[in-house]
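To start, the structure under review is shown below, and the notes come after it.
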Amino acid sequence: MKRGCASAVPRAVEEAAQWYALMLPGELDEGQRRAWERWLAADPAHADAWGRVMAMAARMERLPGRIAAPVLSATSMKSRRSALLGLAGLFVAAGTTWSVSQTAPLRAWRADYRTATGERREWLLADGSRLLLDSASAVDLDFNDHTRRILLRAGRVMVSTHPDFISPSRPFLVQTPHGTVRALGTRFSVELAEGHSRVAVLEKAVEVSPAAAPLRVVRVDAGEASRFTAELAEPPLRIQGDAEAWSRGQLVVLDMPLGEFLAELGRYRPGYLGCDPALAGLKVSGVFPADDSDAALASLAAVFPLHIRRRTRYWTRLERREG
């Protein structure tokens, strides 16, 4: 990969930070991933540098939003890569300020309510409603005299609404970059994914309004789910499986392709978790502990001819077991 401007940061750490920046959601294609794997294998110092970058990222995730803010909020940089080079500098210079851009992953670090990778947490709001955040999730609150609004910055949130104390009652909204979910006295979850959002309703109903077409409202009732983009909310479908399993620390899957399963399990552990592309279509079924991803991987290896290859605690890949 190309190196950026000259820096006092050791080259391996600087390169690891650049790779980490590329790995932020939606920016690493298969060719780049193979190049990253070659870089990682080329020198033992690369694996060490990668582990240091991932460890720093994990520590930053554990900082509460209001504490992290002054650490992460000097002047804005031009790109996420520049921000990650600032992270690299933290390894070699005590007291260095890490400047960040206002991109979505970094805004999530400064959110009002947030969870680290592998953490779930519940909050009781001032209006009596409850929020449960999944692993690596973040929301901001915007409550005023007219609305109760939750802005989903990352991950997934489950909302249990409460009748408003104020009269007339303020609408309860969950907003993502793709649109707005309006609660109709309900319990539901909203998940932010690449290119779309998804709502699953557990009690009563919600209304979904795409950001670019707010008049195209779609109602989603209990037991239904809908995907929506900024342009369109898809017709609701019946929920398949256990929509609340994640709130109990479980992954319940039926005939899910291995590649998709690892992407879901990867939400609960820092670093890279993947598989040989030839294995990505292998169908997985069962109940797996999201809170113990190593145990989940071990159970897969016990059933399928898989070898768990680890280079560091932040890099794990499933490959076909020989023999």
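Simple scheme: letters A, B, ... for chains in structure tokens order, numbers from 1 for residues in each chain, numbers from 1 for ligands in the order shown.
Excluding Arg320 of chain A and any residue on its chain fewer than 4 positions from it, the residues at most 8 Å away by only C-alpha atoms are A:Asp276, A:Leu279, A:Pro305, A:Leu306, A:His307.
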May I have the residues from that selection written out with N, CA and C atoms, as a compact mmCIF listing (two decimals), in the first residue's frame?
```
# COMPACT_ATOMS: atom_id res chain seq x y z
N ASP A 276 -12.00 -18.75 4.30
CA ASP A 276 -11.65 -19.00 2.91
C ASP A 276 -12.90 -18.80 2.07
N LEU A 279 -15.34 -21.54 1.42
CA LEU A 279 -16.18 -22.04 2.51
C LEU A 279 -17.34 -21.12 2.84
N PRO A 305 -15.30 -29.73 8.81
CA PRO A 305 -13.85 -29.92 8.63
C PRO A 305 -13.13 -28.57 8.49
N LEU A 306 -13.07 -27.82 9.59
CA LEU A 306 -12.52 -26.48 9.58
C LEU A 306 -11.31 -26.39 10.49
N HIS A 307 -10.35 -25.60 10.10
CA HIS A 307 -9.19 -25.29 10.92
C HIS A 307 -9.25 -23.81 11.27
```
Output as CSV one row per residue of segment 246-307 of chain A within 12 Å of segment 111-120 of chain A: the closest atom pair and its distance in Å to one decimal place, counting only C-alpha atoms, sorted by chain and residue number ascending.
```
residue,atom,partner,partner_atom,distance
A:Trp246,CA,A:Arg120,CA,9.2
A:Ser247,CA,A:Arg120,CA,7.6
A:Arg248,CA,A:Arg120,CA,9.2
A:Gly249,CA,A:Arg120,CA,8.3
A:Gln250,CA,A:Arg120,CA,11.7
A:Glu264,CA,A:Gly118,CA,11.8
A:Leu265,CA,A:Gly118,CA,9.8
A:Gly266,CA,A:Thr117,CA,9.2
A:Arg267,CA,A:Thr117,CA,6.9
A:Tyr268,CA,A:Gly118,CA,4.2
A:Arg269,CA,A:Gly118,CA,5.7
A:Pro270,CA,A:Thr117,CA,6.3
A:Gly271,CA,A:Thr117,CA,9.8
A:Pro289,CA,A:Gly118,CA,11.2
A:Ala290,CA,A:Gly118,CA,7.9
A:Asp291,CA,A:Gly118,CA,6.5
A:Asp292,CA,A:Gly118,CA,8.9
A:Ser293,CA,A:Gly118,CA,9.3
```
Requested write-out: N, CA and C atoms of the selected residues, as a JSON list (two decimals), in the first residue's frame:
```
[["chain", "number", "residue", "atom", "x", "y", "z"],
["A", 246, "TRP", "N", -30.23, -11.83, 20.16],
["A", 246, "TRP", "CA", -29.03, -11.02, 20.41],
["A", 246, "TRP", "C", -29.08, -10.32, 21.75],
["A", 247, "SER", "N", -30.29, -9.98, 22.21],
["A", 247, "SER", "CA", -30.42, -9.29, 23.50],
["A", 247, "SER", "C", -30.07, -10.21, 24.66],
["A", 248, "ARG", "N", -30.08, -11.52, 24.42],
["A", 248, "ARG", "CA", -29.70, -12.51, 25.44],
["A", 248, "ARG", "C", -28.29, -13.03, 25.23],
["A", 249, "GLY", "N", -27.55, -12.44, 24.28],
["A", 249, "GLY", "CA", -26.20, -12.89, 24.03],
["A", 249, "GLY", "C", -26.11, -14.15, 23.20],
["A", 250, "GLN", "N", -27.12, -14.39, 22.35],
["A", 250, "GLN", "CA", -27.15, -15.59, 21.53],
["A", 250, "GLN", "C", -27.25, -15.23, 20.05],
["A", 264, "GLU", "N", -21.73, -11.75, 11.30],
["A", 264, "GLU", "CA", -22.57, -11.47, 12.46],
["A", 264, "GLU", "C", -21.80, -11.71, 13.75],
["A", 265, "LEU", "N", -21.08, -12.84, 13.84],
["A", 265, "LEU", "CA", -20.30, -13.13, 15.03],
["A", 265, "LEU", "C", -19.19, -12.10, 15.22],
["A", 266, "GLY", "N", -18.66, -11.60, 14.11],
["A", 266, "GLY", "CA", -17.60, -10.61, 14.17],
["A", 266, "GLY", "C", -18.00, -9.30, 14.81],
["A", 267, "ARG", "N", -19.30, -9.06, 14.94],
["A", 267, "ARG", "CA", -19.77, -7.85, 15.63],
["A", 267, "ARG", "C", -19.36, -7.87, 17.09],
["A", 268, "TYR", "N", -19.11, -9.08, 17.63],
["A", 268, "TYR", "CA", -18.91, -9.23, 19.06],
["A", 268, "TYR", "C", -17.45, -9.46, 19.44],
["A", 269, "ARG", "N", -16.52, -9.27, 18.48],
["A", 269, "ARG", "CA", -15.10, -9.40, 18.81],
["A", 269, "ARG", "C", -14.31, -8.42, 17.96],
["A", 270, "PRO", "N", -13.27, -7.80, 18.51],
["A", 270, "PRO", "CA", -12.48, -6.85, 17.73],
["A", 270, "PRO", "C", -11.60, -7.55, 16.72],
["A", 271, "GLY", "N", -11.28, -6.85, 15.64],
["A", 271, "GLY", "CA", -10.35, -7.39, 14.67],
["A", 271, "GLY", "C", -11.04, -8.09, 13.52],
["A", 289, "PRO", "N", -23.05, -18.88, 21.33],
["A", 289, "PRO", "CA", -22.88, -17.80, 22.32],
["A", 289, "PRO", "C", -22.16, -16.61, 21.71],
["A", 290, "ALA", "N", -22.85, -15.52, 21.53],
["A", 290, "ALA", "CA", -22.21, -14.31, 21.00],
["A", 290, "ALA", "C", -21.17, -13.78, 21.97],
["A", 291, "ASP", "N", -21.38, -14.00, 23.26],
["A", 291, "ASP", "CA", -20.47, -13.47, 24.28],
["A", 291, "ASP", "C", -19.19, -14.29, 24.41],
["A", 292, "ASP", "N", -19.12, -15.43, 23.74],
["A", 292, "ASP", "CA", -17.92, -16.27, 23.75],
["A", 292, "ASP", "C", -17.68, -16.74, 22.33],
["A", 293, "SER", "N", -17.16, -15.83, 21.50],
["A", 293, "SER", "CA", -17.00, -16.13, 20.09],
["A", 293, "SER", "C", -15.99, -17.25, 19.86]]
```
**Item:** Ile166 of chain A environment, 12 Å, only C-alpha atoms, sequence neighbours closer than 4 positions dropped, as a PyMOL selection string
**Value:** chain A and resi 126-128+143-148+162+170-171
Using N, CA and C atoms, can you write the selected residues to a file as a PDB file, in the first residue's frame?
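To be explicit, this is the file written out as out05.pdb:
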```pdb
ATOM      1  N   ALA A 126     -35.257   9.429  30.559  1.00  0.00           N
ATOM      2  CA  ALA A 126     -36.009  10.322  31.440  1.00  0.00           C
ATOM      3  C   ALA A 126     -37.515  10.194  31.254  1.00  0.00           C
ATOM      4  N   ASP A 127     -37.955   9.790  30.051  1.00  0.00           N
ATOM      5  CA  ASP A 127     -39.390   9.668  29.789  1.00  0.00           C
ATOM      6  C   ASP A 127     -39.934   8.298  30.174  1.00  0.00           C
ATOM      7  N   GLY A 128     -39.097   7.421  30.723  1.00  0.00           N
ATOM      8  CA  GLY A 128     -39.532   6.082  31.110  1.00  0.00           C
ATOM      9  C   GLY A 128     -39.274   5.019  30.065  1.00  0.00           C
ATOM     10  N   PHE A 143     -34.118  14.986  22.651  1.00  0.00           N
ATOM     11  CA  PHE A 143     -35.441  15.156  23.251  1.00  0.00           C
ATOM     12  C   PHE A 143     -35.692  16.651  23.428  1.00  0.00           C
ATOM     13  N   ASN A 144     -36.836  17.121  22.923  1.00  0.00           N
ATOM     14  CA  ASN A 144     -37.200  18.515  23.097  1.00  0.00           C
ATOM     15  C   ASN A 144     -38.693  18.618  23.372  1.00  0.00           C
ATOM     16  N   ASP A 145     -39.241  19.811  23.252  1.00  0.00           N
ATOM     17  CA  ASP A 145     -40.653  20.010  23.583  1.00  0.00           C
ATOM     18  C   ASP A 145     -41.585  19.376  22.556  1.00  0.00           C
ATOM     19  N   HIS A 146     -41.064  18.986  21.407  1.00  0.00           N
ATOM     20  CA  HIS A 146     -41.928  18.514  20.321  1.00  0.00           C
ATOM     21  C   HIS A 146     -41.717  17.053  19.942  1.00  0.00           C
ATOM     22  N   THR A 147     -40.525  16.530  20.121  1.00  0.00           N
ATOM     23  CA  THR A 147     -40.246  15.149  19.717  1.00  0.00           C
ATOM     24  C   THR A 147     -39.309  14.481  20.716  1.00  0.00           C
ATOM     25  N   ARG A 148     -39.356  13.153  20.709  1.00  0.00           N
ATOM     26  CA  ARG A 148     -38.369  12.319  21.382  1.00  0.00           C
ATOM     27  C   ARG A 148     -37.659  11.554  20.265  1.00  0.00           C
ATOM     28  N   HIS A 162     -42.310   4.235  26.320  1.00  0.00           N
ATOM     29  CA  HIS A 162     -43.176   4.474  27.474  1.00  0.00           C
ATOM     30  C   HIS A 162     -44.085   5.647  27.128  1.00  0.00           C
ATOM     31  N   ARG A 170     -45.445  13.568  22.798  1.00  0.00           N
ATOM     32  CA  ARG A 170     -44.451  13.760  21.730  1.00  0.00           C
ATOM     33  C   ARG A 170     -44.204  12.438  21.005  1.00  0.00           C
ATOM     34  N   PRO A 171     -44.094  12.466  19.696  1.00  0.00           N
ATOM     35  CA  PRO A 171     -43.778  11.230  18.977  1.00  0.00           C
ATOM     36  C   PRO A 171     -42.393  10.710  19.357  1.00  0.00           C
TER      37      PRO A 171
END
```
**Fill in**
Among A:Ala49, A:Val208, A:Met158, A:Ile150, Arg130 of chain A is approached most closely, using only C-alpha atoms, by A:Met158
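When only C-alpha atoms are used to measure the gap to Arg219 of chain A, the shortest distance among A:Gly274, A:Gly31, A:Pro236, A:Pro177 belongs to A:Pro236.
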**Request:** Determine which residues of segment 140-302 of chain A receive a DSSP assignment of strand (DSSP E), computed from the backbone, and state them as a PyMOL selection string.
**Result:** chain A and resi 140-143+148-154+156-160+172-176+179-193+196-210+218-221+224-228+237-238+250-257+272-275+283-289
Can I get the selection written as a tab-separated table (two decimals), in the first residue's frame, with C-alpha atoms?
```tsv
chain	number	residue	atom	x	y	z
A	140	ASP	CA	-27.49	10.23	20.38
A	141	LEU	CA	-30.59	11.61	22.10
A	142	ASP	CA	-32.52	14.63	20.87
A	143	PHE	CA	-35.44	15.16	23.25
A	148	ARG	CA	-38.37	12.32	21.38
A	149	ARG	CA	-35.73	11.38	18.84
A	150	ILE	CA	-33.00	8.71	18.93
A	151	LEU	CA	-30.25	9.03	16.32
A	152	LEU	CA	-28.67	5.64	15.62
A	153	ARG	CA	-24.98	6.21	14.84
A	154	ALA	CA	-23.77	2.61	14.72
A	156	ARG	CA	-28.29	-1.93	16.74
A	157	VAL	CA	-30.70	-0.66	19.37
A	158	MET	CA	-33.81	-2.15	20.95
A	159	VAL	CA	-36.38	0.36	22.15
A	160	SER	CA	-39.19	-0.17	24.64
A	172	PHE	CA	-40.96	8.75	19.63
A	173	LEU	CA	-38.63	8.46	16.63
A	174	VAL	CA	-35.53	6.45	15.76
A	175	GLN	CA	-33.58	8.04	12.94
A	176	THR	CA	-30.84	6.53	10.76
A	179	GLY	CA	-34.95	7.19	7.26
A	180	THR	CA	-37.10	7.46	10.37
A	181	VAL	CA	-38.95	4.84	12.40
A	182	ARG	CA	-41.95	6.20	14.33
A	183	ALA	CA	-43.08	4.15	17.30
A	184	LEU	CA	-46.76	3.43	17.76
A	185	GLY	CA	-46.57	2.45	21.44
A	186	THR	CA	-44.23	-0.44	20.88
A	187	ARG	CA	-41.07	-2.49	21.38
A	188	PHE	CA	-38.79	-2.81	18.37
A	189	SER	CA	-35.19	-2.92	17.20
A	190	VAL	CA	-33.43	-0.88	14.53
A	191	GLU	CA	-30.15	-1.97	12.95
A	192	LEU	CA	-27.82	0.16	10.84
A	193	ALA	CA	-26.13	-1.78	8.02
A	196	HIS	CA	-29.67	0.19	4.43
A	197	SER	CA	-31.32	-0.04	7.83
A	198	ARG	CA	-33.60	-2.75	9.22
A	199	VAL	CA	-36.43	-2.59	11.72
A	200	ALA	CA	-37.94	-5.58	13.53
A	201	VAL	CA	-41.12	-5.12	15.57
A	202	LEU	CA	-41.75	-7.20	18.68
A	203	GLU	CA	-44.88	-5.49	20.03
A	204	LYS	CA	-47.57	-3.33	18.42
A	205	ALA	CA	-46.33	-1.41	15.35
A	206	VAL	CA	-44.09	1.26	13.81
A	207	GLU	CA	-44.18	3.47	10.72
A	208	VAL	CA	-41.10	3.74	8.49
A	209	SER	CA	-40.43	6.86	6.39
A	210	PRO	CA	-37.47	6.78	3.95
A	218	VAL	CA	-44.75	1.74	5.46
A	219	ARG	CA	-46.41	0.26	8.54
A	220	VAL	CA	-44.67	-2.69	10.20
A	221	ASP	CA	-46.64	-4.70	12.75
A	224	GLU	CA	-42.69	-8.31	11.08
A	225	ALA	CA	-39.47	-6.74	9.81
A	226	SER	CA	-38.60	-4.35	6.99
A	227	ARG	CA	-35.42	-3.15	5.30
A	228	PHE	CA	-35.29	0.46	4.17
A	237	LEU	CA	-42.06	-9.74	5.99
A	238	ARG	CA	-42.62	-12.14	8.87
A	250	GLN	CA	-27.15	-15.59	21.53
A	251	LEU	CA	-26.92	-16.06	17.78
A	252	VAL	CA	-29.73	-18.32	16.57
A	253	VAL	CA	-29.29	-19.23	12.92
A	254	LEU	CA	-30.85	-21.66	10.46
A	255	ASP	CA	-29.04	-22.50	7.22
A	256	MET	CA	-27.08	-19.24	7.31
A	257	PRO	CA	-24.06	-19.13	4.96
A	272	TYR	CA	-10.72	-9.51	11.56
A	273	LEU	CA	-12.84	-12.68	11.48
A	274	GLY	CA	-13.28	-14.35	8.11
A	275	CYS	CA	-12.99	-17.56	6.12
A	283	LYS	CA	-24.70	-23.59	5.72
A	284	VAL	CA	-24.67	-23.12	9.49
A	285	SER	CA	-27.50	-23.86	11.93
A	286	GLY	CA	-27.64	-23.76	15.70
A	287	VAL	CA	-27.56	-21.60	18.82
A	288	PHE	CA	-24.18	-19.97	19.43
A	289	PRO	CA	-22.88	-17.80	22.32
```
